[in-house]
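Below: the structure, in structure tokens.
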Amino acid sequence: MPTQYLFVFAQVHDEFRIPELLSIAELYGFEIKFPEDPDGRNTTRPFMIIELDSEEHAQLLARRCILIKYICEFYARGKTYEELHENNRSRAPQWAKYAADTSFKFLVTAFNHTIPQWRQKDVVESFAYMDWQGKIDMKNPEVTLVCFEEYKDKHGTTRAKDEGDGEFEEVWFGRLIETGSARPLVKKFDVKKRVYYGNTSMEAEMSLLMANQTLAAPGKLIYDPFIGTGSMAYTTAHFGAFVYGSDIDGRQMRGKAKPPGIVRAAAQYGVANRIMDLCTFDVTQNPWRCGGLFDAIVTDPPYGVRAGAKRLGRKNPRPPKEGPVPVHIPRPDDQPYIPPTRPYELSELARDLVLLARYMLKPRGRLVFFLPTVTEEYKEVDVEAMLCDGMELVANSLQDFGSWGRRLITVRKTTTGKYPPPTFDPAHAVTENVAAHVPAHKDFREKYFQGFKKGEHDEGSSESKQDNA
């Protein structure tokens, strides 16, 4: 029979919580039952009651999910301590088995508030009816009983230290199962402490969330086609996966010193042996000769705020020359040939990425990438329009920046059929699923630098501005 567990989350990236939980549950092969009522699934609050089949499943989630702070076996909740104690007494069979001879301690804490020491003592004494006979052990107890008080957010207001003490919204009580041991990885992978990074490096917390969405695990092979300075490579490799990366600009991967910057940073985290290779090529002119190679593709494609996406080709193609091709005569001062590049429009890139994933992924493999969108213009069809046969949407989570945001898109390959490699033809950038739909992320770079002003980014003007970029 499933048991109820109290999950306490870090109050950041709330839209990413449920997708992360579902991904890790899928990775380890067990089911999660969420509350049926909308209030119980409210991600703006740090507490959620979730049903699991075993305590071991709770421990697996706490050790892998980045957004989990605590998981407790749920005993009771209430708007007041009287209601909490009444509910706790009704569930005595759950906790009475520990009361006789188990060492224990109490932890009383709060969200959006600091409880004074004297009242913490009063709260602990109010549970005297539980009649715990075991030894009190503040360092290594066998059981830790936790009481959480939930207060309204008062940040930005001036108030006395203990003002509003005891005026909580709700109080929660349970037995601590595990503290979120994956959360300290955010500090470990902090970009500021990294030996090699760039101005487009993904922040640590988000790269860890992306790694969890890929279901990274030992023995899996993961590809980043826009690897840049390698932020996602380190986190996926930390979870045991082997990583292959490519970029059109090899300088991003190499840096100015030897060995290459990504290899040096990977060595800092002890995962250099899991970086299989780094190659310089345009993903639209890639060397892949067969598909079905990778368990996941994870990337943060450049969308033009700090760096724009490029592909091989000229902005203004030259007319073909008539007559025979001239014979090349080498000269002593010849320099290496640097092929010209042209902008890679974001909606084309996103569509091509889905088609590439369908070709390169194994069945049930995942594509995980960020898609920037204009807040006022975004519609669900923007993401649906990118999908194709054999690919389904798993998660769509928003990181909101106000007038714009970026969405972490997770897509799964559902087919075992064979598909040809994508042609990367701009004429096919709009899907046949939603005819003539123009997504909000089309020409995102131009919209960003215009301040997202309506009526100033028609197709013709955006093309001319792109040519002048």
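Residues are referred to by chain and number: the chain letter is A, B, ... according to the order shown in the structure tokens, the number counts from 1 in that chain, and ligands are numbered separately from 1 in the order shown.
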Could you name the residues that touch Arg254 (chain A) at 10 Å or less, counting only C-alpha atoms, but leaving out those on the same chain fewer than 4 positions away, as a ChimeraX atom specification? /A:196,228-229,249-250,258-264,278
Surrounding residues of region 164-169 of chain A excluding itself and chain neighbours under 2 positions, 10 Å, only C-alpha atoms, as a list in words: Gly78, Lys79, Thr80, Tyr81, Ala110, Phe111, Asn112, His113, Thr114, Ile115, Pro116, Arg119, Phe148, Glu149, Glu150, Tyr151, Lys152, Arg159, Ala160, Lys161, Asp162 and Val171 of chain A
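For the pair CA of Thr44 (chain A) and CA of Val411 (chain A), the interatomic distance is 25.0 Å.
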All residues 9 Å or closer to Phe452 (chain A), only C-alpha atoms, same chain fewer than 6 positions away omitted, as a list in words: Val374, Ser403, Trp404, Phe444 and Glu446 of chain A
Dump as a compact mmCIF listing (two decimals), in the first residue's frame, selection limited to C-alpha atoms:
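Written out: selection.txt:
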# COMPACT_ATOMS: atom_id res chain seq x y z
CA VAL A 374 8.23 36.16 -25.76
CA SER A 403 8.84 40.13 -20.77
CA TRP A 404 10.55 36.98 -21.98
CA PHE A 444 13.74 36.14 -31.17
CA GLU A 446 15.49 40.98 -33.17
Residues of region 191-271 of chain A that have any atom at most 10 Å from an atom of region 17-31 of chain A: could you tabulate them with the shortest-distance atom pair and the distance in Å to one decimal, using only C-alpha atoms, ordered by chain and increasing number, as a tab-separated table?
residue	atom	partner	partner_atom	distance
A:Leu209	CA	A:Glu20	CA	7.1
A:Met210	CA	A:Glu20	CA	9.0
A:Ala211	CA	A:Glu20	CA	9.8
A:Asn212	CA	A:Glu20	CA	6.6
A:Gln213	CA	A:Ser23	CA	5.9
A:Thr214	CA	A:Ser23	CA	8.1
A:Leu215	CA	A:Leu27	CA	5.8
A:Ala216	CA	A:Leu27	CA	8.4
A:Ala217	CA	A:Leu27	CA	8.3
Looking at A:Thr179, A:Ser90, A:Thr416, A:Thr144, which one is nearest to Val8 (chain A), with distances taken over only C-alpha atoms?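 Using only C-alpha atoms, the shortest distance to Val8 (chain A) belongs to A:Thr179.
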Surrounding residues of Ala96 (chain A) excluding itself and chain neighbours under 3 positions, 9 Å, only C-alpha atoms, as a PyMOL selection string: chain A and resi 91-93+99-100+130-132
Compare A:Glu55, A:Glu380, A:Glu392, A:Glu82 by their minimum atom-to-atom distance to Glu170 (chain A), counting only C-alpha atoms, and give me the closest one.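 Of the candidates, the smallest distance to Glu170 (chain A) is held by A:Glu82.
The protein and nucleic acid residues lying at most 7 Å from Glu15 (chain A) are Thr43, Ser397 and Leu398 of chain A, with only C-alpha atoms considered and sequence neighbours fewer than 6 positions away removed.
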Could you pull out the residues in region 28-77 of chain A that DSSP calls helix (DSSP H, G or I) from the backbone, as a PyMOL selection string? chain A and resi 28+38-41+55-64
Which residue is closest to Ile222 (chain A)? Choose from A:Leu361, A:Val327, A:Met202, A:Val283 and count only C-alpha atoms. A:Leu361
Test item, strand (DSSP E) assignment across region 219-306 of chain A, answer as a compact mmCIF listing (two decimals) with N, CA, C and O atoms, in the first residue's frame:
# COMPACT_ATOMS: atom_id res chain seq x y z
N LEU A 221 25.01 7.22 -23.36
CA LEU A 221 25.78 8.08 -24.25
C LEU A 221 24.93 9.30 -24.59
O LEU A 221 23.82 9.17 -25.12
N ILE A 222 25.47 10.49 -24.29
CA ILE A 222 24.72 11.74 -24.45
C ILE A 222 25.50 12.70 -25.34
O ILE A 222 26.72 12.80 -25.24
N TYR A 223 24.76 13.41 -26.19
CA TYR A 223 25.37 14.30 -27.18
C TYR A 223 24.88 15.73 -26.99
O TYR A 223 23.69 15.96 -26.78
N ASP A 224 25.82 16.68 -27.07
CA ASP A 224 25.49 18.10 -27.04
C ASP A 224 25.98 18.73 -28.34
O ASP A 224 27.19 18.90 -28.53
N PHE A 242 28.45 8.99 -20.57
CA PHE A 242 29.53 9.40 -21.45
C PHE A 242 29.01 10.51 -22.36
O PHE A 242 27.87 10.46 -22.83
N VAL A 243 29.86 11.51 -22.63
CA VAL A 243 29.41 12.71 -23.33
C VAL A 243 30.24 12.92 -24.59
O VAL A 243 31.47 12.80 -24.59
N TYR A 244 29.53 13.23 -25.67
CA TYR A 244 30.16 13.62 -26.94
C TYR A 244 29.66 15.02 -27.26
O TYR A 244 28.47 15.30 -27.15
N GLY A 245 30.57 15.92 -27.65
CA GLY A 245 30.17 17.29 -27.91
C GLY A 245 30.71 17.81 -29.22
O GLY A 245 31.76 17.37 -29.70
N SER A 246 29.97 18.75 -29.80
CA SER A 246 30.42 19.40 -31.03
C SER A 246 29.97 20.85 -31.01
O SER A 246 29.03 21.22 -30.30
N ASP A 247 30.65 21.66 -31.82
CA ASP A 247 30.29 23.07 -31.96
C ASP A 247 30.85 23.59 -33.26
O ASP A 247 31.90 23.11 -33.72
N ILE A 275 34.37 12.28 -21.01
CA ILE A 275 34.23 13.13 -22.19
C ILE A 275 34.83 12.36 -23.36
O ILE A 275 36.06 12.27 -23.51
N MET A 276 33.99 11.76 -24.18
CA MET A 276 34.47 10.86 -25.23
C MET A 276 35.26 11.59 -26.30
O MET A 276 36.33 11.17 -26.70
N ASP A 277 34.71 12.71 -26.79
CA ASP A 277 35.42 13.48 -27.82
C ASP A 277 34.72 14.81 -28.01
O ASP A 277 33.55 14.98 -27.66
N LEU A 278 35.46 15.77 -28.57
CA LEU A 278 34.94 17.08 -28.89
C LEU A 278 35.33 17.38 -30.33
O LEU A 278 36.51 17.29 -30.69
N CYS A 279 34.36 17.72 -31.16
CA CYS A 279 34.63 17.93 -32.58
C CYS A 279 34.07 19.28 -33.03
O CYS A 279 33.08 19.77 -32.49
N THR A 280 34.75 19.85 -34.04
CA THR A 280 34.31 21.12 -34.62
C THR A 280 33.63 20.84 -35.94
O THR A 280 34.28 20.38 -36.89
N PHE A 294 22.49 7.71 -29.73
CA PHE A 294 22.54 8.35 -28.42
C PHE A 294 21.30 8.06 -27.58
O PHE A 294 20.20 7.90 -28.09
N ASP A 295 21.54 8.01 -26.26
CA ASP A 295 20.43 7.86 -25.30
C ASP A 295 19.74 9.19 -25.05
O ASP A 295 18.57 9.21 -24.65
N ALA A 296 20.45 10.28 -25.24
CA ALA A 296 19.85 11.60 -25.04
C ALA A 296 20.66 12.65 -25.78
O ALA A 296 21.87 12.48 -26.01
N ILE A 297 20.00 13.72 -26.15
CA ILE A 297 20.64 14.92 -26.68
C ILE A 297 20.24 16.06 -25.78
O ILE A 297 19.06 16.28 -25.51
N VAL A 298 21.23 16.79 -25.24
CA VAL A 298 20.96 17.91 -24.35
C VAL A 298 21.76 19.10 -24.84
O VAL A 298 22.94 18.98 -25.19
N THR A 299 21.10 20.27 -24.90
CA THR A 299 21.82 21.44 -25.42
C THR A 299 21.10 22.72 -25.04
O THR A 299 19.91 22.73 -24.74
